[in-house]
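Dropping work_4.cif in here (mmCIF, C-alpha atoms):
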```
data_start
loop_
_atom_site.label_atom_id
_atom_site.label_comp_id
_atom_site.auth_asym_id
_atom_site.auth_seq_id
_atom_site.Cartn_x
_atom_site.Cartn_y
_atom_site.Cartn_z
CA MET E 1 -153.87 -40.86 46.28
CA ASN E 2 -152.40 -44.31 46.37
CA GLN E 3 -155.55 -46.37 45.97
CA ILE E 4 -155.11 -49.65 47.83
CA ASP E 5 -158.55 -51.10 48.52
CA ALA E 6 -157.43 -53.49 51.26
CA MET E 7 -155.75 -50.60 53.07
CA ASP E 8 -158.77 -48.31 52.83
CA ARG E 9 -160.98 -51.10 54.11
CA LEU E 10 -158.72 -51.71 57.11
CA ILE E 11 -158.43 -48.00 57.97
CA ASN E 12 -162.20 -47.72 57.66
CA GLU E 13 -162.74 -50.61 60.08
CA PHE E 14 -160.33 -49.16 62.64
CA SER E 15 -161.99 -45.74 62.44
CA ARG E 16 -165.26 -47.29 63.65
CA LEU E 17 -163.70 -47.94 67.07
CA PRO E 18 -164.84 -45.43 69.73
CA GLY E 19 -162.73 -42.27 69.78
CA VAL E 20 -160.66 -43.27 66.75
CA GLY E 21 -160.45 -40.77 63.88
CA ASN E 22 -158.97 -41.27 60.44
CA LYS E 23 -155.43 -40.34 61.50
CA THR E 24 -155.35 -42.82 64.38
CA ALA E 25 -156.99 -45.51 62.26
CA GLN E 26 -154.27 -45.01 59.67
CA ARG E 27 -151.63 -45.31 62.38
CA TYR E 28 -153.13 -48.58 63.62
CA ALA E 29 -153.36 -49.95 60.06
CA TYR E 30 -149.75 -49.10 59.25
CA PHE E 31 -148.65 -50.66 62.52
CA LEU E 32 -150.52 -53.83 61.72
CA LEU E 33 -148.75 -54.14 58.37
CA THR E 34 -145.39 -54.12 60.14
CA GLN E 35 -146.46 -57.19 62.15
CA SER E 36 -145.88 -60.75 60.99
CA GLU E 37 -148.67 -62.57 59.16
CA GLN E 38 -149.09 -64.89 62.16
CA GLU E 39 -149.48 -61.97 64.55
CA VAL E 40 -152.15 -60.38 62.37
CA LYS E 41 -154.00 -63.68 62.11
CA ASP E 42 -153.85 -64.08 65.90
CA PHE E 43 -155.33 -60.61 66.32
CA ALA E 44 -158.10 -61.35 63.82
CA SER E 45 -158.96 -64.68 65.42
CA ALA E 46 -158.96 -63.11 68.90
CA MET E 47 -161.72 -60.82 67.62
CA VAL E 48 -163.83 -63.52 66.06
CA ASP E 49 -163.32 -65.91 68.99
CA ALA E 50 -164.31 -63.27 71.53
CA LYS E 51 -167.44 -62.42 69.60
CA GLU E 52 -168.37 -66.08 69.16
CA GLN E 53 -167.66 -67.21 72.71
CA ILE E 54 -168.74 -64.23 74.78
CA HIS E 55 -172.38 -63.42 75.46
CA TYR E 56 -174.47 -62.10 78.33
CA CYS E 57 -174.78 -64.05 81.59
CA LYS E 58 -178.36 -65.34 81.89
CA ILE E 59 -178.60 -64.06 85.45
CA CYS E 60 -176.73 -60.78 85.75
CA GLY E 61 -176.24 -59.66 82.14
CA ASN E 62 -172.47 -59.36 82.42
CA PHE E 63 -170.20 -60.78 79.72
CA THR E 64 -169.29 -64.45 80.09
CA ASP E 65 -168.16 -67.36 77.96
CA LYS E 66 -170.34 -69.82 79.92
CA ASP E 67 -174.08 -69.99 80.58
CA ILE E 68 -173.67 -68.24 83.91
CA CYS E 69 -170.79 -65.90 84.72
CA SER E 70 -168.15 -66.76 87.30
CA THR E 71 -169.49 -64.25 89.86
CA CYS E 72 -173.04 -65.60 89.64
CA ALA E 73 -171.80 -69.20 89.80
CA LYS E 74 -169.82 -68.54 92.99
CA PRO E 75 -171.31 -70.31 96.06
CA ASN E 76 -171.94 -68.51 99.38
CA LYS E 77 -172.32 -65.06 97.88
CA GLN E 78 -173.54 -62.31 100.17
CA PRO E 79 -177.20 -61.49 99.40
CA ILE E 80 -176.23 -58.12 97.91
CA ILE E 81 -176.54 -57.04 94.28
CA CYS E 82 -174.55 -54.15 92.88
CA VAL E 83 -176.37 -52.62 89.91
CA VAL E 84 -174.17 -51.05 87.23
CA LYS E 85 -174.68 -49.49 83.82
CA GLU E 86 -172.15 -51.47 81.76
CA PRO E 87 -169.94 -54.56 81.94
CA LYS E 88 -166.83 -52.40 82.24
CA ASP E 89 -168.20 -50.99 85.49
CA VAL E 90 -168.08 -54.53 86.87
CA SER E 91 -164.38 -54.75 85.96
CA ALA E 92 -163.78 -51.46 87.80
CA LEU E 93 -165.60 -52.64 90.93
CA GLU E 94 -163.99 -56.09 90.85
CA LYS E 95 -160.61 -54.39 91.27
CA VAL E 96 -161.68 -53.32 94.78
CA ARG E 97 -162.00 -56.96 95.84
CA ASP E 98 -163.93 -56.28 99.03
CA PHE E 99 -167.39 -56.77 97.57
CA GLY E 100 -168.68 -60.28 98.17
CA GLY E 101 -172.04 -59.99 96.46
CA SER E 102 -173.05 -60.24 92.83
CA TYR E 103 -173.67 -57.74 90.05
CA HIS E 104 -176.48 -56.78 87.75
CA VAL E 105 -175.68 -55.06 84.45
CA LEU E 106 -178.38 -52.73 83.12
CA HIS E 107 -176.79 -52.23 79.67
CA GLY E 108 -177.78 -48.59 79.72
CA VAL E 109 -179.61 -46.07 81.85
CA ILE E 110 -182.99 -44.39 81.59
CA ASN E 111 -182.54 -41.51 79.18
CA PRO E 112 -185.65 -39.80 77.81
CA LEU E 113 -183.58 -37.77 75.32
CA GLU E 114 -182.47 -41.01 73.68
CA ASN E 115 -185.92 -42.54 74.04
CA LYS E 116 -184.63 -45.06 76.55
CA GLY E 117 -187.22 -46.02 79.14
CA PRO E 118 -187.14 -48.56 82.01
CA ASN E 119 -188.22 -51.31 79.61
CA ASP E 120 -185.23 -50.75 77.37
CA ILE E 121 -182.72 -51.65 80.04
CA ASN E 122 -182.15 -54.86 81.98
CA ILE E 123 -184.38 -54.05 85.02
CA ARG E 124 -187.09 -56.73 84.79
CA SER E 125 -184.70 -59.61 85.51
CA LEU E 126 -183.42 -57.71 88.55
CA LEU E 127 -186.89 -57.99 90.10
CA ASN E 128 -186.87 -61.77 89.61
CA ARG E 129 -183.47 -62.04 91.25
CA ILE E 130 -184.64 -60.25 94.41
CA ASN E 131 -186.96 -63.19 95.17
CA ASN E 132 -184.97 -66.05 93.68
CA GLU E 133 -181.74 -65.17 95.45
CA GLN E 134 -183.29 -63.76 98.66
CA ILE E 135 -181.45 -60.50 98.17
CA LYS E 136 -181.25 -58.23 101.23
CA GLU E 137 -179.64 -55.15 99.68
CA VAL E 138 -179.27 -53.56 96.25
CA ILE E 139 -176.46 -51.05 95.77
CA VAL E 140 -177.21 -48.83 92.79
CA ALA E 141 -173.82 -47.95 91.33
CA THR E 142 -174.89 -46.07 88.20
CA ASN E 143 -172.79 -43.01 87.38
CA PRO E 144 -173.45 -39.84 89.41
CA ASP E 145 -174.86 -37.94 86.43
CA VAL E 146 -178.45 -36.93 85.60
CA GLU E 147 -179.38 -40.19 83.84
CA GLY E 148 -177.58 -42.32 86.43
CA GLU E 149 -179.36 -40.55 89.30
CA ALA E 150 -182.74 -40.84 87.61
CA THR E 151 -182.21 -44.55 87.02
CA ALA E 152 -181.12 -45.05 90.62
CA LEU E 153 -184.27 -43.28 91.84
CA TYR E 154 -186.46 -45.38 89.56
CA ILE E 155 -184.89 -48.62 90.83
CA ALA E 156 -185.17 -47.49 94.46
CA ASN E 157 -188.91 -46.75 94.06
CA LEU E 158 -189.39 -50.10 92.38
CA LEU E 159 -187.56 -52.18 94.97
CA LYS E 160 -188.45 -50.54 98.28
CA PRO E 161 -192.01 -51.99 98.34
CA LEU E 162 -190.41 -55.43 98.12
CA GLY E 163 -188.77 -54.85 101.49
CA VAL E 164 -185.25 -54.79 100.12
CA LYS E 165 -182.71 -52.20 101.26
CA VAL E 166 -181.60 -49.94 98.41
CA SER E 167 -178.38 -47.95 98.73
CA ARG E 168 -176.25 -45.74 96.50
CA LEU E 169 -172.45 -45.38 96.29
CA ALA E 170 -171.29 -42.51 98.53
CA GLN E 171 -170.67 -39.26 96.71
CA GLY E 172 -168.02 -36.82 97.86
CA ILE E 173 -164.47 -35.72 97.20
CA ALA E 174 -162.24 -38.34 95.63
CA MET E 175 -159.34 -39.81 97.59
CA GLY E 176 -156.09 -37.98 96.86
CA SER E 177 -157.86 -35.05 95.20
CA GLU E 178 -157.41 -31.43 96.24
CA LEU E 179 -160.25 -29.24 97.53
CA GLU E 180 -158.97 -26.39 95.38
CA TYR E 181 -159.65 -28.32 92.18
CA THR E 182 -162.88 -30.04 93.23
CA ASP E 183 -165.97 -28.74 91.43
CA ALA E 184 -168.66 -26.91 93.41
CA LEU E 185 -171.32 -29.60 92.92
CA THR E 186 -169.08 -32.30 94.36
CA LEU E 187 -168.03 -30.07 97.26
CA SER E 188 -171.65 -29.24 98.03
CA LYS E 189 -172.51 -32.95 98.02
CA ALA E 190 -169.50 -33.73 100.22
CA LEU E 191 -170.57 -31.03 102.69
CA SER E 192 -174.16 -32.14 102.96
CA SER E 193 -173.16 -35.80 103.30
CA ARG E 194 -170.38 -35.10 105.83
CA THR E 195 -169.64 -37.90 108.25
CA GLU E 196 -168.96 -37.61 111.98
CA MET E 197 -165.46 -38.50 113.12
CA MET I 198 -161.68 -60.79 88.46
CA ASN I 199 -164.06 -62.21 85.92
CA GLN I 200 -161.70 -64.51 84.09
CA ILE I 201 -162.80 -64.73 80.47
CA ASP I 202 -159.86 -65.94 78.41
CA ALA I 203 -161.24 -64.80 75.04
CA MET I 204 -161.77 -61.31 76.46
CA ASP I 205 -158.29 -61.07 77.97
CA ARG I 206 -156.81 -62.23 74.67
CA LEU I 207 -158.71 -59.58 72.73
CA ILE I 208 -157.81 -56.78 75.16
CA ASN I 209 -154.21 -57.93 75.04
CA GLU I 210 -154.17 -57.78 71.22
CA PHE I 211 -155.69 -54.29 71.17
CA SER I 212 -153.18 -53.03 73.73
CA ARG I 213 -150.36 -53.88 71.30
CA LEU I 214 -151.52 -51.10 68.95
CA PRO I 215 -149.36 -47.97 69.16
CA GLY I 216 -150.45 -45.58 71.91
CA VAL I 217 -153.12 -47.92 73.25
CA GLY I 218 -153.02 -48.72 76.96
CA ASN I 219 -155.04 -51.28 78.88
CA LYS I 220 -157.97 -48.92 79.47
CA THR I 221 -158.36 -48.02 75.81
CA ALA I 222 -157.87 -51.63 74.73
CA GLN I 223 -160.68 -52.62 77.08
CA ARG I 224 -162.89 -49.91 75.59
CA TYR I 225 -162.22 -51.18 72.06
CA ALA I 226 -162.89 -54.78 73.11
CA TYR I 227 -166.19 -53.93 74.79
CA PHE I 228 -167.22 -51.91 71.75
CA LEU I 229 -166.44 -54.84 69.47
CA LEU I 230 -168.68 -57.14 71.51
CA THR I 231 -171.60 -54.78 70.94
CA GLN I 232 -171.18 -55.21 67.17
CA SER I 233 -172.90 -57.94 65.16
CA GLU I 234 -171.03 -61.15 64.43
CA GLN I 235 -170.86 -60.23 60.75
CA GLU I 236 -169.32 -56.83 61.52
CA VAL I 237 -166.65 -58.40 63.70
CA LYS I 238 -165.87 -60.96 61.00
CA ASP I 239 -165.59 -58.18 58.42
CA PHE I 240 -163.14 -56.34 60.66
CA ALA I 241 -161.07 -59.49 61.20
CA SER I 242 -160.96 -60.34 57.50
CA ALA I 243 -160.03 -56.73 56.63
CA MET I 244 -156.96 -57.24 58.80
CA VAL I 245 -155.93 -60.56 57.33
CA ASP I 246 -156.67 -59.44 53.76
CA ALA I 247 -154.62 -56.27 54.16
CA LYS I 248 -151.67 -58.22 55.56
CA GLU I 249 -151.89 -60.84 52.80
CA GLN I 250 -152.36 -58.47 49.88
CA ILE I 251 -150.19 -55.54 50.82
CA HIS I 252 -146.41 -55.59 50.55
CA TYR I 253 -143.59 -53.23 49.61
CA CYS I 254 -143.34 -51.82 46.07
CA LYS I 255 -140.24 -53.32 44.39
CA ILE I 256 -139.12 -49.90 43.24
CA CYS I 257 -139.91 -47.32 45.92
CA GLY I 258 -140.65 -49.43 49.02
CA ASN I 259 -144.11 -47.95 49.58
CA PHE I 260 -147.09 -50.19 50.37
CA THR I 261 -148.89 -51.64 47.37
CA ASP I 262 -151.09 -54.59 46.49
CA LYS I 263 -149.40 -55.01 43.09
CA ASP I 264 -145.78 -55.65 42.07
CA ILE I 265 -145.17 -51.97 41.52
CA CYS I 266 -147.14 -49.22 43.27
CA SER I 267 -149.46 -46.90 41.37
CA THR I 268 -147.09 -43.91 41.67
CA CYS I 269 -144.13 -45.84 40.27
CA ALA I 270 -146.29 -47.31 37.49
CA LYS I 271 -147.47 -43.87 36.35
CA PRO I 272 -146.04 -42.84 32.93
CA ASN I 273 -144.44 -39.43 32.31
CA LYS I 274 -143.36 -38.84 35.87
CA GLN I 275 -141.08 -35.88 36.53
CA PRO I 276 -137.51 -37.08 37.15
CA ILE I 277 -137.74 -36.16 40.83
CA ILE I 278 -137.73 -38.51 43.82
CA CYS I 279 -139.04 -37.48 47.19
CA VAL I 280 -137.37 -39.52 49.95
CA VAL I 281 -139.44 -40.14 53.07
CA LYS I 282 -139.07 -42.12 56.27
CA GLU I 283 -142.33 -44.08 56.25
CA PRO I 284 -145.27 -45.00 53.99
CA LYS I 285 -147.58 -42.69 55.92
CA ASP I 286 -145.38 -39.76 54.94
CA VAL I 287 -146.24 -40.56 51.32
CA SER I 288 -149.96 -40.34 52.16
CA ALA I 289 -149.34 -36.93 53.76
CA LEU I 290 -147.43 -35.63 50.73
CA GLU I 291 -149.93 -37.10 48.24
CA LYS I 292 -152.60 -34.87 49.77
CA VAL I 293 -150.73 -31.84 48.41
CA ARG I 294 -151.25 -33.04 44.85
CA ASP I 295 -148.71 -30.71 43.22
CA PHE I 296 -145.81 -33.15 43.28
CA GLY I 297 -145.45 -34.95 39.96
CA GLY I 298 -142.45 -37.11 40.76
CA SER I 299 -142.14 -40.40 42.59
CA TYR I 300 -141.31 -41.41 46.15
CA HIS I 301 -138.75 -43.50 47.92
CA VAL I 302 -139.55 -44.93 51.35
CA LEU I 303 -136.56 -45.50 53.63
CA HIS I 304 -138.47 -47.47 56.29
CA GLY I 305 -136.54 -45.75 59.04
CA VAL I 306 -133.76 -43.24 59.53
CA ILE I 307 -130.15 -43.48 60.59
CA ASN I 308 -130.17 -43.68 64.39
CA PRO I 309 -126.96 -44.72 66.15
CA LEU I 310 -128.76 -44.97 69.51
CA GLU I 311 -130.95 -47.72 68.06
CA ASN I 312 -128.02 -49.26 66.18
CA LYS I 313 -129.55 -48.28 62.84
CA GLY I 314 -126.96 -47.50 60.21
CA PRO I 315 -127.25 -46.61 56.50
CA ASN I 316 -127.37 -50.31 55.59
CA ASP I 317 -130.42 -50.91 57.77
CA ILE I 318 -132.63 -48.57 55.77
CA ASN I 319 -133.72 -48.64 52.15
CA ILE I 320 -130.95 -46.44 50.70
CA ARG I 321 -129.12 -48.85 48.36
CA SER I 322 -132.06 -49.17 45.97
CA LEU I 323 -132.30 -45.37 45.82
CA LEU I 324 -128.83 -45.30 44.23
CA ASN I 325 -129.95 -47.74 41.53
CA ARG I 326 -132.99 -45.63 40.78
CA ILE I 327 -130.89 -42.49 40.15
CA ASN I 328 -129.37 -44.16 37.08
CA ASN I 329 -132.28 -46.31 35.95
CA GLU I 330 -134.82 -43.51 36.00
CA GLN I 331 -132.47 -40.67 35.03
CA ILE I 332 -133.40 -38.73 38.14
CA LYS I 333 -132.50 -35.03 38.16
CA GLU I 334 -133.42 -34.13 41.71
CA VAL I 335 -133.88 -35.84 45.05
CA ILE I 336 -135.94 -34.06 47.70
CA VAL I 337 -135.09 -35.43 51.14
CA ALA I 338 -138.31 -35.13 53.15
CA THR I 339 -137.26 -36.87 56.35
CA ASN I 340 -138.54 -35.25 59.55
CA PRO I 341 -136.73 -32.11 60.77
CA ASP I 342 -135.36 -33.83 63.90
CA VAL I 343 -131.81 -34.97 64.71
CA GLU I 344 -132.09 -38.38 63.04
CA GLY I 345 -133.95 -36.99 60.05
CA GLU I 346 -131.36 -34.28 59.51
CA ALA I 347 -128.47 -36.75 59.86
CA THR I 348 -130.09 -39.09 57.33
CA ALA I 349 -130.70 -36.18 54.95
CA LEU I 350 -127.04 -35.16 55.22
CA TYR I 351 -125.88 -38.72 54.60
CA ILE I 352 -128.05 -39.04 51.50
CA ALA I 353 -126.90 -35.65 50.21
CA ASN I 354 -123.23 -36.62 50.54
CA LEU I 355 -123.93 -39.92 48.81
CA LEU I 356 -125.84 -38.48 45.86
CA LYS I 357 -124.04 -35.23 45.08
CA PRO I 358 -121.02 -36.98 43.44
CA LEU I 359 -123.52 -38.58 41.02
CA GLY I 360 -124.39 -35.12 39.71
CA VAL I 361 -127.95 -35.17 41.01
CA LYS I 362 -129.47 -32.13 42.71
CA VAL I 363 -130.35 -32.84 46.36
CA SER I 364 -132.82 -30.59 48.17
CA ARG I 365 -134.58 -30.53 51.51
CA LEU I 366 -138.11 -29.40 52.42
CA ALA I 367 -138.09 -25.74 53.54
CA GLN I 368 -138.08 -25.24 57.29
CA GLY I 369 -139.76 -22.26 58.91
CA ILE I 370 -142.92 -21.17 60.63
CA ALA I 371 -146.00 -23.20 59.75
CA MET I 372 -148.85 -21.62 57.80
CA GLY I 373 -151.56 -20.30 60.11
CA SER I 374 -149.35 -20.55 63.19
CA GLU I 375 -148.64 -17.63 65.53
CA LEU I 376 -145.17 -16.23 66.16
CA GLU I 377 -145.95 -16.05 69.88
CA TYR I 378 -146.32 -19.81 70.12
CA THR I 379 -143.55 -20.83 67.73
CA ASP I 380 -140.54 -22.42 69.42
CA ALA I 381 -137.18 -20.64 69.39
CA LEU I 382 -135.46 -23.21 67.17
CA THR I 383 -138.09 -22.89 64.45
CA LEU I 384 -138.03 -19.09 64.66
CA SER I 385 -134.24 -19.05 64.41
CA LYS I 386 -134.42 -21.31 61.33
CA ALA I 387 -137.15 -19.13 59.81
CA LEU I 388 -135.02 -16.01 60.37
CA SER I 389 -131.84 -17.43 58.86
CA SER I 390 -133.73 -18.85 55.86
CA ARG I 391 -135.80 -15.68 55.31
CA THR I 392 -136.85 -15.05 51.72
CA GLU I 393 -136.83 -11.74 49.85
CA MET I 394 -140.22 -10.33 48.90
#
```
Go through the file and emit its structure as structure tokens.
Amino acid sequence: MNQIDAMDRLINEFSRLPGVGNKTAQRYAYFLLTQSEQEVKDFASAMVDAKEQIHYCKICGNFTDKDICSTCAKPNKQPIICVVKEPKDVSALEKVRDFGGSYHVLHGVINPLENKGPNDINIRSLLNRINNEQIKEVIVATNPDVEGEATALYIANLLKPLGVKVSRLAQGIAMGSELEYTDALTLSKALSSRTEM
Amino acid sequence: MNQIDAMDRLINEFSRLPGVGNKTAQRYAYFLLTQSEQEVKDFASAMVDAKEQIHYCKICGNFTDKDICSTCAKPNKQPIICVVKEPKDVSALEKVRDFGGSYHVLHGVINPLENKGPNDINIRSLLNRINNEQIKEVIVATNPDVEGEATALYIANLLKPLGVKVSRLAQGIAMGSELEYTDALTLSKALSSRTEM
């Protein structure tokens, strides 16, 4: 093999990215070498800058480059908090644009198999927010899988005694999907949660 | 949208990698933010170091961090040159380990649709090497597609008058593949190039 240390190091770094194997890492590395030195330096500094400037919002736990993220800093928010598992879920929900409340990022879900209990995720600060921000409703938007459901249930049990309304994203068939290809579990959920026309 | 400039910049840089769309770039960026500051700095410096240290070998055009790559610097090489399209093709061939000659990287193939002629790829220096290194055979290992075949033909016509043997990698059915799933073109090639047992 052509032993070039700098190349091996770069391929190794790329292969640590999620879902990237050795072949893809090699492809990325070779691509990078075809770029100009300035372009590579820009890429490298974008990484370091992002890591240095971005941290968690003190209130909601989402990524921000300020003390408090732009959503939390917004005035006249609706007293609704949408609870999500990860920062990228916030990006997904923000695309909808018709939610006027704020978010709360758990940074994980309760998962006994991975030894992750309620204290290992960002739930405690959610309780403080309920009082501080006079929240009326909490929408639990964790994923509709076993861990997501369990976490939603835990949060609901925790918040209901505080007199706050707790809701969950509707589950059913996706828009534009076909019944034929919808799995049985989803169909069953869609049937039992059917809405009157 | 949560406008974080540093984040947008990072996602934008990642999405320039080959085959990476916005979704994947976002995934990479979020992953990077979960890493420690030191890890991110290591990644960034691996990029810059690779770009600064690695350049083309003066002889064969492959990547190297010295003047002349390790393959070209090896003594007692067989007088055979294997011509490939890109540096990553050298990595692929080096894995075979039973080739004792050297390589020549074209950095592209002849492609009229992209306005790439023989002068736009690294062919001229190949001619010099034939004399300087007393080469007996040139194996043209460009890909078996239209542009690869055209480039192979061009090189063959160029080198044959110099009295050097020009060969091409065998084409046929791949080891471990199944006839049922082999495309007609490959099967036809495998039939016409059948070998006696």
Could you give me, as a Markdown table, a per-residue list for chain E showing, wherever an atom lies at most 6 Å from an atom of chain I, the closest pair of atoms and their distance in Å to one decimal, using all atoms listed in the file and sorting by chain then residue number from low to high?
```
| residue | atom | partner | partner_atom | distance |
| --- | --- | --- | --- | --- |
| E:Met1 | CA | I:Glu291 | CA | 5.8 |
| E:Ala6 | CA | I:Ala247 | CA | 4.9 |
| E:Met7 | CA | I:Ala247 | CA | 5.9 |
| E:Leu10 | CA | I:Ala243 | CA | 5.2 |
| E:Glu13 | CA | I:Phe240 | CA | 5.8 |
| E:Leu33 | CA | I:Lys248 | CA | 5.8 |
| E:Phe43 | CA | I:Glu210 | CA | 5.8 |
| E:Ala44 | CA | I:Ala241 | CA | 4.4 |
| E:Ala46 | CA | I:Leu207 | CA | 5.2 |
| E:Ala50 | CA | I:Ala203 | CA | 4.9 |
| E:Lys51 | CA | I:Leu230 | CA | 5.8 |
| E:Glu94 | CA | I:Met198 | CA | 5.8 |
```
If you apply the PyMOL selection byres ((chain I and resi 272-276) around 9) to this file, what residues do you get, as a PyMOL selection string? chain I and resi 268-271+277-278+296-299+330-335
Excluding region 341-348 of chain I and its own-chain neighbours fewer than 6 positions away, which residues fall within 6 Å of it when counting all atoms listed in the file? Please give them as an MDAnalysis selection string. chainID I and resid 306:308
Export of prior selection with C-alpha atoms as a CSV table (one decimal), keeping the file's coordinate frame:
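Below is the file that was written, again_5.csv:
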```csv
chain,number,residue,atom,x,y,z
I,306,VAL,CA,-133.8,-43.2,59.5
I,307,ILE,CA,-130.2,-43.5,60.6
I,308,ASN,CA,-130.2,-43.7,64.4
```
Can you list, as a PyMOL selection string, every protein, DNA or RNA residue that comes within 12 Å of Thr392 (chain I) when you count only C-alpha atoms, leaving out same-chain residues fewer than 5 positions away? chain I and resi 367-369+386-387
For the selection just defined, write its residues with C-alpha atoms to a file, as a PDB file, in the coordinates of the input.
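Heads up, here's the output in out_34.pdb:
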```pdb
ATOM      1  CA  ALA I 367    -138.090 -25.740  53.540  1.00  0.00           C
ATOM      2  CA  GLN I 368    -138.080 -25.240  57.290  1.00  0.00           C
ATOM      3  CA  GLY I 369    -139.760 -22.260  58.910  1.00  0.00           C
ATOM      4  CA  LYS I 386    -134.420 -21.310  61.330  1.00  0.00           C
ATOM      5  CA  ALA I 387    -137.150 -19.130  59.810  1.00  0.00           C
TER       6      ALA I 387
END
```
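Atom pair CA of Glu196 (chain E) / CA of Asp98 (chain E): separated by 23.3 Å.
Across the model, the gap from CA of Ser364 (chain I) to CA of His304 (chain I) is 19.6 Å.
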Could you tell me how far CA of Cys279 (chain I) lies from CA of Ile336 (chain I), in Å and to one decimal?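 Spanning CA of Cys279 (chain I) to CA of Ile336 (chain I) is a straight-line distance of 4.6 Å.
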Would you place a box with edges along x, y and z of the file around all atoms of region 280-292 of chain I listed there, add 8 Å to each of its six sides, and report the centre and edge lengths in Å to one decimal, as JSON?
```
{"center_x": -145.0, "center_y": -39.9, "center_z": 52.3, "size_x": 31.2, "size_y": 26.1, "size_z": 24.0}
```
Selection: 8 Å around Ile173 (chain E), only C-alpha atoms, excl. self and same-chain fewer than 4 positions, as a short mmCIF file (atom, residue, chain, number, x, y, z; two decimals) with C-alpha atoms, keeping the file's coordinate frame:
```cif
data_model
loop_
_atom_site.label_atom_id
_atom_site.label_comp_id
_atom_site.auth_asym_id
_atom_site.auth_seq_id
_atom_site.Cartn_x
_atom_site.Cartn_y
_atom_site.Cartn_z
CA SER E 177 -157.86 -35.05 95.20
CA LEU E 179 -160.25 -29.24 97.53
CA THR E 182 -162.88 -30.04 93.23
CA THR E 186 -169.08 -32.30 94.36
CA LEU E 187 -168.03 -30.07 97.26
CA ALA E 190 -169.50 -33.73 100.22
#
```
If we count all atoms listed in the file, what is near Asn319 (chain I) at a cut-off of 12 Å, once residues fewer than 4 positions away on the same chain are taken out, given as a PyMOL selection string? chain I and resi 253-259+280-283+301-307+313-315+323-326+348+352
May I ask you to restore N, CA and C atoms in region 355-369 of chain I and write the result as a short mmCIF file (atom, residue, chain, number, x, y, z; two decimals), in the coordinates of the input?
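Heads up, here's the output in out-v3.cif:
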```
data_model
loop_
_atom_site.label_atom_id
_atom_site.label_comp_id
_atom_site.auth_asym_id
_atom_site.auth_seq_id
_atom_site.Cartn_x
_atom_site.Cartn_y
_atom_site.Cartn_z
N LEU I 355 -124.00 -38.72 49.64
CA LEU I 355 -123.93 -39.92 48.81
C LEU I 355 -124.30 -39.59 47.36
N LEU I 356 -125.28 -38.70 47.19
CA LEU I 356 -125.84 -38.48 45.86
C LEU I 356 -125.16 -37.36 45.07
N LYS I 357 -124.61 -36.39 45.78
CA LYS I 357 -124.04 -35.23 45.08
C LYS I 357 -122.95 -35.63 44.07
N PRO I 358 -122.04 -36.57 44.42
CA PRO I 358 -121.02 -36.98 43.44
C PRO I 358 -121.64 -37.57 42.17
N LEU I 359 -122.88 -38.01 42.21
CA LEU I 359 -123.52 -38.58 41.02
C LEU I 359 -124.09 -37.49 40.13
N GLY I 360 -123.91 -36.22 40.54
CA GLY I 360 -124.39 -35.12 39.71
C GLY I 360 -125.88 -34.89 39.80
N VAL I 361 -126.52 -35.37 40.86
CA VAL I 361 -127.95 -35.17 41.01
C VAL I 361 -128.18 -34.07 42.05
N LYS I 362 -129.17 -33.22 41.78
CA LYS I 362 -129.47 -32.13 42.71
C LYS I 362 -130.17 -32.72 43.94
N VAL I 363 -129.70 -32.34 45.15
CA VAL I 363 -130.35 -32.84 46.36
C VAL I 363 -130.93 -31.65 47.12
N SER I 364 -132.21 -31.69 47.42
CA SER I 364 -132.82 -30.59 48.17
C SER I 364 -133.52 -31.10 49.42
N ARG I 365 -133.95 -30.18 50.24
CA ARG I 365 -134.58 -30.53 51.51
C ARG I 365 -135.84 -29.68 51.62
N LEU I 366 -136.90 -30.20 52.22
CA LEU I 366 -138.11 -29.40 52.42
C LEU I 366 -137.75 -28.14 53.20
N ALA I 367 -138.37 -26.99 52.84
CA ALA I 367 -138.09 -25.74 53.54
C ALA I 367 -138.51 -25.86 54.99
N GLN I 368 -137.70 -25.26 55.87
CA GLN I 368 -138.08 -25.24 57.29
C GLN I 368 -138.36 -23.81 57.70
N GLY I 369 -139.41 -23.60 58.46
CA GLY I 369 -139.76 -22.26 58.91
C GLY I 369 -141.04 -22.32 59.70
#
```
